[in-house]
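work-v4.cif (mmCIF, C-alpha atoms) appears below.
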```cif
data_input
#
loop_
_atom_site.label_atom_id
_atom_site.label_comp_id
_atom_site.auth_asym_id
_atom_site.auth_seq_id
_atom_site.Cartn_x
_atom_site.Cartn_y
_atom_site.Cartn_z
CA MET A 1 0.00 0.00 0.00
CA SER A 2 1.25 3.49 -0.86
CA ALA A 3 1.82 5.92 1.98
CA LEU A 4 0.40 8.61 -0.33
CA SER A 5 -1.91 8.11 -3.29
CA VAL A 6 -3.18 11.02 -5.39
CA SER A 7 -5.66 10.02 -8.09
CA GLY A 8 -7.00 12.24 -10.88
CA VAL A 9 -6.88 15.50 -8.93
CA ASP A 10 -8.10 18.67 -10.65
CA LYS A 11 -7.94 22.18 -9.24
CA SER A 12 -8.85 25.53 -10.77
CA PHE A 13 -8.92 29.04 -9.38
CA GLY A 14 -11.72 30.84 -11.16
CA ARG A 15 -11.34 30.03 -14.83
CA THR A 16 -7.65 29.20 -14.49
CA PRO A 17 -6.87 25.46 -14.30
CA VAL A 18 -3.87 24.78 -12.05
CA LEU A 19 -3.90 20.99 -11.62
CA ARG A 20 -5.09 18.73 -14.43
CA HIS A 21 -5.98 15.12 -13.54
CA LEU A 22 -2.82 14.75 -11.48
CA SER A 23 -1.89 11.33 -10.07
CA LEU A 24 1.03 10.35 -7.85
CA ASP A 25 1.92 7.40 -5.60
CA VAL A 26 4.62 7.53 -2.92
CA ALA A 27 5.86 4.35 -1.23
CA GLN A 28 6.04 3.99 2.54
CA GLY A 29 9.32 5.22 4.01
CA SER A 30 10.50 6.95 0.82
CA ILE A 31 11.29 10.55 -0.11
CA ALA A 32 9.53 11.91 -3.18
CA ALA A 33 10.56 15.18 -4.82
CA VAL A 34 7.97 17.06 -6.85
CA LEU A 35 10.14 18.99 -9.29
CA GLY A 36 8.92 21.69 -11.63
CA PRO A 37 9.25 25.31 -12.74
CA SER A 38 7.48 28.19 -11.04
CA GLY A 39 3.77 28.27 -11.83
CA CYS A 40 3.41 24.57 -12.66
CA GLY A 41 1.15 23.87 -9.65
CA LYS A 42 3.63 22.44 -7.11
CA THR A 43 2.49 24.64 -4.22
CA THR A 44 -1.20 24.02 -4.97
CA LEU A 45 -0.56 20.28 -4.85
CA LEU A 46 1.21 20.64 -1.50
CA ARG A 47 -1.65 22.70 -0.08
CA ILE A 48 -4.16 20.06 -1.18
CA LEU A 49 -2.11 17.33 0.50
CA ALA A 50 -1.94 19.40 3.67
CA GLY A 51 -5.67 20.13 3.62
CA PHE A 52 -5.32 23.88 3.08
CA GLU A 53 -7.10 23.61 -0.28
CA ALA A 54 -9.77 21.19 -1.50
CA PRO A 55 -9.50 19.54 -4.94
CA ASP A 56 -12.27 20.12 -7.47
CA ALA A 57 -12.12 16.46 -8.47
CA GLY A 58 -10.12 13.36 -7.67
CA GLU A 59 -9.03 11.72 -4.45
CA VAL A 60 -6.14 11.89 -1.96
CA ARG A 61 -5.30 8.96 0.34
CA ILE A 62 -2.73 9.09 3.14
CA GLY A 63 -1.86 5.73 4.66
CA GLY A 64 -4.83 4.20 2.87
CA ARG A 65 -7.30 6.66 4.41
CA VAL A 66 -9.21 9.03 2.13
CA VAL A 67 -8.48 12.58 3.30
CA ALA A 68 -9.87 14.45 0.27
CA GLY A 69 -12.40 13.37 -2.31
CA PRO A 70 -16.06 13.33 -3.28
CA SER A 71 -17.03 12.10 0.19
CA GLY A 72 -15.56 15.18 1.90
CA GLU A 73 -12.40 16.57 3.47
CA VAL A 74 -10.45 15.61 6.57
CA PRO A 75 -9.24 18.83 8.24
CA PRO A 76 -5.46 19.51 8.30
CA GLU A 77 -5.07 18.83 12.03
CA ARG A 78 -6.49 15.32 11.62
CA ARG A 79 -4.36 14.23 8.66
CA ALA A 80 -1.27 13.21 10.69
CA ILE A 81 0.95 15.42 8.55
CA GLY A 82 4.19 17.18 9.43
CA PHE A 83 4.83 20.42 7.53
CA VAL A 84 8.14 22.23 6.97
CA PRO A 85 7.69 25.67 5.32
CA GLN A 86 10.37 27.60 3.43
CA GLU A 87 11.49 29.66 6.41
CA GLY A 88 11.08 27.05 9.15
CA ALA A 89 8.60 29.24 11.07
CA LEU A 90 9.79 28.35 14.56
CA PHE A 91 7.98 29.88 17.52
CA PRO A 92 10.36 32.73 18.49
CA HIS A 93 9.41 32.67 22.18
CA LEU A 94 9.99 28.94 22.65
CA SER A 95 13.30 27.12 23.09
CA VAL A 96 14.45 24.44 20.68
CA ARG A 97 13.20 21.81 23.12
CA ARG A 98 9.73 23.35 23.37
CA ASN A 99 9.51 24.00 19.62
CA VAL A 100 10.21 20.36 18.82
CA GLY A 101 7.93 19.08 21.56
CA TYR A 102 5.05 21.39 20.66
CA GLY A 103 3.08 18.75 18.76
CA LEU A 104 3.67 15.95 21.26
CA GLY A 105 1.24 17.13 23.91
CA ARG A 106 1.65 15.33 27.23
CA CYS A 107 2.81 11.98 25.88
CA ALA A 108 4.93 9.94 28.29
CA ASP A 109 8.06 9.80 26.14
CA ARG A 110 7.95 13.45 25.10
CA SER A 111 11.44 14.38 26.41
CA ALA A 112 13.01 11.25 24.98
CA ARG A 113 11.40 11.79 21.55
CA VAL A 114 12.52 15.44 21.45
CA LEU A 115 16.12 14.42 22.10
CA GLU A 116 15.83 11.54 19.62
CA VAL A 117 14.78 13.68 16.66
CA LEU A 118 17.19 16.48 17.57
CA ASP A 119 19.97 13.89 17.61
CA LEU A 120 18.89 12.76 14.15
CA VAL A 121 19.43 16.29 12.79
CA GLY A 122 22.63 16.77 14.81
CA LEU A 123 21.32 19.42 17.22
CA ALA A 124 20.74 17.62 20.54
CA HIS A 125 23.45 19.84 22.09
CA LEU A 126 21.39 22.97 21.29
CA VAL A 127 18.21 21.82 22.99
CA ASP A 128 17.96 24.88 25.25
CA ARG A 129 18.82 27.53 22.65
CA MET A 130 16.28 30.08 21.45
CA PRO A 131 15.54 30.36 17.69
CA HIS A 132 17.32 33.72 17.36
CA GLU A 133 20.49 32.06 18.66
CA LEU A 134 20.54 29.62 15.75
CA SER A 135 21.87 29.95 12.20
CA GLY A 136 19.49 29.68 9.27
CA GLY A 137 20.54 26.10 8.60
CA GLN A 138 20.09 25.14 12.24
CA GLN A 139 16.61 26.66 12.29
CA GLN A 140 15.60 24.56 9.30
CA ARG A 141 16.94 21.42 10.94
CA VAL A 142 14.92 22.20 14.08
CA ALA A 143 11.83 22.70 11.90
CA VAL A 144 12.39 19.24 10.38
CA ALA A 145 12.84 17.73 13.86
CA ARG A 146 9.58 19.36 14.96
CA ALA A 147 7.77 17.88 11.93
CA LEU A 148 9.20 14.41 12.62
CA ALA A 149 8.55 14.39 16.38
CA PRO A 150 4.88 13.20 16.34
CA ARG A 151 5.76 10.41 13.87
CA PRO A 152 3.40 11.72 11.17
CA ALA A 153 2.12 9.56 8.34
CA LEU A 154 3.55 12.08 5.87
CA VAL A 155 6.02 14.98 6.02
CA LEU A 156 5.57 17.83 3.53
CA LEU A 157 8.51 20.13 2.77
CA ASP A 158 7.91 23.33 0.83
CA GLU A 159 11.28 24.30 -0.74
CA PRO A 160 12.84 24.16 2.75
CA PHE A 161 16.40 24.93 1.64
CA SER A 162 15.74 27.79 -0.79
CA SER A 163 16.64 30.54 1.71
CA LEU A 164 20.06 29.04 2.50
CA ASP A 165 23.26 29.94 0.68
CA ALA A 166 24.63 27.42 -1.80
CA GLY A 167 27.35 25.97 0.44
CA LEU A 168 25.05 25.49 3.43
CA ARG A 169 22.17 24.19 1.32
CA GLY A 170 23.94 20.96 0.38
CA GLU A 171 25.04 20.27 3.96
CA VAL A 172 21.58 20.83 5.46
CA ARG A 173 19.91 18.85 2.68
CA SER A 174 22.18 15.87 3.39
CA VAL A 175 21.51 15.99 7.15
CA VAL A 176 17.75 16.33 6.69
CA SER A 177 17.40 13.49 4.17
CA ALA A 178 19.53 11.20 6.36
CA ALA A 179 17.39 12.08 9.41
CA MET A 180 14.13 11.30 7.60
CA ARG A 181 15.46 7.97 6.36
CA ALA A 182 16.74 7.05 9.83
CA ASP A 183 13.32 7.83 11.31
CA GLY A 184 11.48 5.87 8.61
CA ALA A 185 9.51 8.93 7.52
CA THR A 186 7.61 9.25 4.26
CA ALA A 187 8.15 12.69 2.76
CA VAL A 188 7.14 14.84 -0.19
CA LEU A 189 9.59 17.61 -1.04
CA VAL A 190 8.48 20.39 -3.39
CA THR A 191 11.36 22.06 -5.22
CA HIS A 192 12.45 23.72 -8.46
CA ASP A 193 16.10 22.76 -7.82
CA GLN A 194 17.11 19.82 -10.01
CA GLU A 195 20.22 19.01 -7.98
CA GLU A 196 18.17 18.96 -4.79
CA ALA A 197 15.60 16.57 -6.25
CA LEU A 198 18.13 14.22 -7.84
CA SER A 199 20.42 14.05 -4.80
CA CYS A 200 18.00 13.31 -1.97
CA ALA A 201 14.84 11.71 -3.41
CA ASP A 202 13.94 8.08 -4.08
CA LEU A 203 11.24 9.21 -6.52
CA VAL A 204 11.40 12.32 -8.70
CA ALA A 205 8.02 13.44 -10.03
CA VAL A 206 8.51 16.04 -12.75
CA MET A 207 5.57 18.42 -12.93
CA GLN A 208 4.64 20.60 -15.90
CA HIS A 209 1.43 22.47 -16.75
CA GLY A 210 -0.47 21.07 -13.78
CA GLY A 211 0.34 17.39 -14.25
CA ILE A 212 3.04 14.81 -13.52
CA VAL A 213 4.80 14.08 -16.82
CA GLN A 214 7.31 11.57 -15.42
CA ALA A 215 7.74 9.89 -12.04
CA ALA A 216 10.72 7.59 -11.59
CA ASP A 217 13.94 7.13 -9.66
CA PRO A 218 16.49 9.96 -10.11
CA ILE A 219 18.81 7.98 -12.42
CA THR A 220 15.96 7.11 -14.79
CA VAL A 221 14.64 10.67 -14.89
CA TYR A 222 18.10 12.01 -15.74
CA ARG A 223 19.28 9.31 -18.13
CA ALA A 224 15.96 8.45 -19.78
CA PRO A 225 13.69 11.51 -19.59
CA SER A 226 10.21 10.85 -20.95
CA ASP A 227 10.36 13.72 -23.43
CA LEU A 228 12.54 16.63 -24.50
CA ASP A 229 10.81 19.05 -22.15
CA VAL A 230 11.74 16.89 -19.16
CA ALA A 231 15.25 16.39 -20.54
CA GLU A 232 15.86 20.12 -20.83
CA PHE A 233 14.45 20.85 -17.38
CA VAL A 234 16.34 18.10 -15.54
CA GLY A 235 19.99 18.93 -16.13
CA ASP A 236 21.84 20.38 -19.11
CA ALA A 237 20.92 18.91 -22.48
CA VAL A 238 22.49 19.10 -25.93
CA LYS A 239 20.14 18.43 -28.84
CA VAL A 240 21.43 17.42 -32.28
CA ARG A 241 19.54 16.44 -35.40
CA ALA A 242 19.66 12.73 -36.05
CA THR A 243 18.55 9.97 -38.36
CA PHE A 244 17.52 6.85 -36.47
CA THR A 245 18.19 3.45 -37.97
CA GLY A 246 18.80 0.02 -36.49
CA GLY A 247 19.25 1.23 -32.92
CA PHE A 248 21.71 4.00 -33.83
CA ALA A 249 21.51 7.77 -34.32
CA GLU A 250 23.48 9.13 -37.28
CA THR A 251 24.50 12.67 -36.26
CA GLU A 252 27.12 15.28 -37.07
CA VAL A 253 28.96 14.26 -33.89
CA GLY A 254 29.16 10.63 -34.96
CA ARG A 255 27.23 7.37 -35.07
CA LEU A 256 25.75 6.99 -31.59
CA PRO A 257 24.04 3.99 -29.96
CA LEU A 258 20.48 4.67 -28.78
CA ARG A 259 19.19 3.93 -25.30
CA ALA A 260 15.95 1.94 -25.03
CA PRO A 261 13.12 2.47 -25.63
CA LEU A 262 14.19 3.00 -29.21
CA PRO A 263 12.49 5.62 -31.37
CA PRO A 264 11.14 4.50 -34.75
CA ASP A 265 13.51 4.68 -37.70
CA GLY A 266 13.49 8.11 -39.31
CA SER A 267 14.50 11.64 -38.44
CA GLY A 268 14.42 13.14 -34.97
CA ILE A 269 16.49 14.59 -32.15
CA ALA A 270 19.31 12.91 -30.24
CA LEU A 271 19.77 14.10 -26.67
CA ILE A 272 23.33 14.16 -25.29
CA ARG A 273 24.36 15.20 -21.79
CA PRO A 274 27.39 17.56 -21.78
CA GLU A 275 29.46 15.15 -19.64
CA GLN A 276 29.12 12.48 -22.36
CA PHE A 277 31.36 14.43 -24.74
CA VAL A 278 35.05 13.47 -24.91
CA VAL A 279 37.31 16.30 -26.09
CA THR A 280 40.95 15.74 -27.10
CA ASP A 281 43.42 18.09 -28.82
CA ARG A 282 44.05 17.41 -32.47
CA ASN A 283 47.71 18.45 -32.69
CA GLY A 284 47.91 17.03 -36.20
CA SER A 285 47.03 13.53 -35.01
CA ALA A 286 44.60 11.19 -36.77
CA ALA A 287 41.06 10.99 -35.51
CA PRO A 288 40.84 8.61 -32.54
CA SER A 289 38.52 5.68 -33.06
CA THR A 290 35.54 4.94 -30.87
CA GLU A 291 33.58 1.70 -30.65
CA TYR A 292 31.12 3.02 -33.23
CA GLY A 293 33.30 5.11 -35.53
CA PRO A 294 35.95 7.86 -35.58
CA ALA A 295 35.77 11.08 -33.60
CA VAL A 296 34.83 14.22 -35.52
CA ALA A 297 36.89 17.36 -36.03
CA ALA A 298 35.68 20.41 -34.14
CA THR A 299 36.90 23.65 -32.59
CA ALA A 300 36.95 24.39 -28.86
CA GLY A 301 36.15 27.98 -27.98
CA GLN A 302 34.89 29.79 -24.90
CA GLN A 303 35.39 28.16 -21.50
CA SER A 304 33.27 28.63 -18.38
CA PHE A 305 35.29 27.42 -15.40
CA LEU A 306 33.07 26.09 -12.60
CA GLY A 307 35.72 24.87 -10.14
CA HIS A 308 34.96 21.15 -10.15
CA ASP A 309 34.85 21.14 -13.96
CA ALA A 310 34.37 23.46 -16.92
CA LEU A 311 31.93 23.96 -19.77
CA LEU A 312 33.41 24.21 -23.26
CA ALA A 313 31.69 25.70 -26.28
CA ILE A 314 32.50 23.35 -29.19
CA SER A 315 31.90 24.51 -32.77
CA LEU A 316 31.10 21.79 -35.29
CA SER A 317 31.87 21.85 -39.02
CA SER A 318 28.25 22.83 -39.75
CA GLY A 319 28.59 25.93 -37.58
CA ALA A 320 26.44 24.48 -34.81
CA VAL A 321 27.77 24.90 -31.26
CA VAL A 322 27.42 22.25 -28.54
CA THR A 323 28.38 22.38 -24.86
CA ALA A 324 30.80 19.82 -23.42
CA ARG A 325 31.59 19.34 -19.74
CA SER A 326 35.19 18.43 -18.96
CA LEU A 327 37.28 17.81 -15.84
CA ASP A 328 40.38 18.78 -17.83
CA PRO A 329 39.30 21.54 -20.23
CA GLY A 330 42.79 22.33 -21.52
CA PRO A 331 44.15 25.78 -22.39
CA ALA A 332 41.82 28.72 -22.84
CA GLY A 333 41.30 30.10 -26.31
CA GLU A 334 40.23 28.69 -29.65
CA ARG A 335 41.91 25.43 -30.66
CA PRO A 336 41.23 22.40 -32.92
CA VAL A 337 39.95 19.30 -31.12
CA TRP A 338 38.52 15.85 -31.72
CA LEU A 339 35.03 15.30 -30.37
CA SER A 340 33.36 11.99 -29.58
CA VAL A 341 30.46 10.82 -27.41
CA ARG A 342 30.67 8.30 -24.59
CA GLY A 343 27.74 5.98 -23.88
CA PRO A 344 24.23 5.66 -25.38
CA VAL A 345 21.99 8.63 -26.08
CA ASN A 346 18.22 9.18 -26.08
CA GLY A 347 16.27 9.54 -29.30
CA TYR A 348 13.08 11.56 -29.68
CA VAL A 349 10.70 12.38 -32.48
CA ARG A 350 8.46 15.40 -32.73
CA GLY A 351 4.79 15.18 -33.45
CA GLY A 352 2.53 18.04 -32.43
CA LYS A 353 3.83 17.89 -28.89
CA THR A 354 7.44 16.94 -28.24
CA GLN A 355 7.37 13.36 -27.12
CA ARG A 356 9.40 10.21 -26.78
CA LEU A 357 8.14 7.17 -28.71
#
```

Can I see the file as structure tokens?
Amino acid sequence: MSALSVSGVDKSFGRTPVLRHLSLDVAQGSIAAVLGPSGCGKTTLLRILAGFEAPDAGEVRIGGRVVAGPSGEVPPERRAIGFVPQEGALFPHLSVRRNVGYGLGRCADRSARVLEVLDLVGLAHLVDRMPHELSGGQQQRVAVARALAPRPALVLLDEPFSSLDAGLRGEVRSVVSAAMRADGATAVLVTHDQEEALSCADLVAVMQHGGIVQAADPITVYRAPSDLDVAEFVGDAVKVRATFTGGFAETEVGRLPLRAPLPPDGSGIALIRPEQFVVTDRNGSAAPSTEYGPAVAATAGQQSFLGHDALLAISLSSGAVVTARSLDPGPAGERPVWLSVRGPVNGYVRGGKTQRL
């Protein structure tokens, strides 16, 4: 049984449809990330799950119990949900201990549970601090501990790391996801940050135009996106024209093996991730051979150094420019290179709407 099941949910505000027959299932004890651009309906979905909004149609089940549907609505306070907003929203006049224990009432193991969840987020030593004495990252970790404390059936997180700086965001995200897994929590994280979704979720549900267009594990969503729109939203994507035949894509960057499911033979688009490109200096040498044919001649141009790697603008003989990601970008400035592609690529055809066949 799914911990969360959303079936055919519609929601409009006035004449503006926001959610369109949206369905989503989240397994018990897993973390699901709902990933999508601003305005796609992520926040509306979260508010419906929390009970702050009612769907116009469809059904929501939490732990097998219907909490929203044609038969009526279960109020938010009776849904057994933990909620972590963007800013944490701790009670400023309560200590860390009292913030975390707020939802536990007078239960016998209240003190022990408070210390348990604070230990999970690495803050048991700050139990008597006030919120204003904490850093932004610590406040968010306390907010997560407070949400976990009553052992809710579902934890909802509304872009909880967006207010943190880049360096702190990764650290807090890692601590929070580890804490939820250690506590056996089921969580739904709403985010527009692809790295956040891919790094901490078991299930990534990509949302566009009010619906879920792909829901799968992070590796599948990145390596085998359901269509070009998903591919371009989840990570960097290089598109090249291709002719598909016999499980291969004939392109101006070489003959490339296709990843299943295979598109039908004919013309279409091959999707290549920038890290799949292999760039080597020409220096008058012959084209290196790959498993499927020789590398192609190209020209490396502008570099964008990112610290851990660099992005290279590579000009092809046709004049088209593709982006390659390299750990060893070589000298700056224009220079002749050989370009090849490592691993299989995805093939797509276009028909009315961009889609994968």

task: Anything within 12 Å of (10.5, 15.1, 26.5): list those residues as a list in words, counting all atoms listed in the file and sticking to the file's coordinates.
output: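 Residues close enough to count: Val96, Arg97, Arg98, Asn99, Val100, Gly101, Tyr102, Gly103, Leu104, Gly105, Arg106, Cys107, Ala108, Asp109, Arg110, Ser111, Ala112, Arg113, Val114, Leu115, Glu116, Val117, Leu118, Val127, Ala149 and Pro150 of chain A.
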
- request: Counting all atoms listed in the file, figure out which residue out of A:Val234, A:Leu45, A:Val206, A:Val9 gets nearest to Gly69 in chain A.
  value: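 Once distances to Gly69 in chain A are computed over all atoms listed in the file, the minimum belongs to A:Val9.
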
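Distances from A:Glu275, A:Asp165, A:Asp328, A:Asp265 to Asp236 in chain A were compared using all atoms listed in the file, and the smallest one belongs to A:Glu275.
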
Best match for closeness to Arg146 in chain A among A:Ser2, A:Thr44, A:Ser95, A:Gln194, counting all atoms listed in the file: A:Ser95

task: Name the residues captured by the PyMOL selection byres ((chain A and resi 218) around 12) when it is applied to the shown file; answer as a ChimeraX atom specification.
output: /A:31-35,194-206,214-217,219-225,234-235

task: Would you list the contacts of Ala295 in chain A as a ChimeraX atom specification, taking every protein, DNA or RNA residue within 9 Å and counting all atoms listed in the file, but skipping same-chain residues closer than 5 positions in sequence?
output: /A:253-254,287-290,338-341

task: Would you write out, as a VMD selection string, every residue that the PyMOL selection byres ((chain A and resi 79-84) around 7) captures in this file?
output: chain A and resid 50 67 74 to 78 85 to 86 88 143 to 144 147 to 148 152 to 158 160

Let me know the residues the PyMOL selection byres ((chain A and resi 300) around 12) catches in the file above, as an mmCIF file with C-alpha atoms, in the frame of the given file.
```
data_model
loop_
_atom_site.group_PDB
_atom_site.id
_atom_site.type_symbol
_atom_site.label_atom_id
_atom_site.label_comp_id
_atom_site.auth_asym_id
_atom_site.auth_seq_id
_atom_site.Cartn_x
_atom_site.Cartn_y
_atom_site.Cartn_z
ATOM 1 C CA VAL A 278 35.050 13.470 -24.910
ATOM 2 C CA VAL A 279 37.310 16.300 -26.090
ATOM 3 C CA THR A 280 40.950 15.740 -27.100
ATOM 4 C CA ASP A 281 43.420 18.090 -28.820
ATOM 5 C CA ARG A 282 44.050 17.410 -32.470
ATOM 6 C CA ALA A 297 36.890 17.360 -36.030
ATOM 7 C CA ALA A 298 35.680 20.410 -34.140
ATOM 8 C CA THR A 299 36.900 23.650 -32.590
ATOM 9 C CA GLY A 301 36.150 27.980 -27.980
ATOM 10 C CA GLN A 302 34.890 29.790 -24.900
ATOM 11 C CA GLN A 303 35.390 28.160 -21.500
ATOM 12 C CA SER A 304 33.270 28.630 -18.380
ATOM 13 C CA LEU A 311 31.930 23.960 -19.770
ATOM 14 C CA LEU A 312 33.410 24.210 -23.260
ATOM 15 C CA ALA A 313 31.690 25.700 -26.280
ATOM 16 C CA ILE A 314 32.500 23.350 -29.190
ATOM 17 C CA SER A 315 31.900 24.510 -32.770
ATOM 18 C CA LEU A 316 31.100 21.790 -35.290
ATOM 19 C CA SER A 317 31.870 21.850 -39.020
ATOM 20 C CA VAL A 321 27.770 24.900 -31.260
ATOM 21 C CA VAL A 322 27.420 22.250 -28.540
ATOM 22 C CA THR A 323 28.380 22.380 -24.860
ATOM 23 C CA ALA A 324 30.800 19.820 -23.420
ATOM 24 C CA ARG A 325 31.590 19.340 -19.740
ATOM 25 C CA SER A 326 35.190 18.430 -18.960
ATOM 26 C CA PRO A 329 39.300 21.540 -20.230
ATOM 27 C CA GLY A 330 42.790 22.330 -21.520
ATOM 28 C CA PRO A 331 44.150 25.780 -22.390
ATOM 29 C CA ALA A 332 41.820 28.720 -22.840
ATOM 30 C CA GLY A 333 41.300 30.100 -26.310
ATOM 31 C CA GLU A 334 40.230 28.690 -29.650
ATOM 32 C CA ARG A 335 41.910 25.430 -30.660
ATOM 33 C CA PRO A 336 41.230 22.400 -32.920
ATOM 34 C CA VAL A 337 39.950 19.300 -31.120
ATOM 35 C CA TRP A 338 38.520 15.850 -31.720
ATOM 36 C CA LEU A 339 35.030 15.300 -30.370
#
```

- prompt: Using all atoms listed in the file, which of A:Ser285, A:Ser7, A:Ser318, A:Ser162 sits nearest Asp25 in chain A?
  reply: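 Distance minimum relative to Asp25 in chain A lands on A:Ser7.
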
field: Length of the CA of Thr251 in chain A to CA of Leu306 in chain A vector [Å]
entry: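 Separating CA of Thr251 in chain A from CA of Leu306 in chain A is a distance of 28.5 Å.
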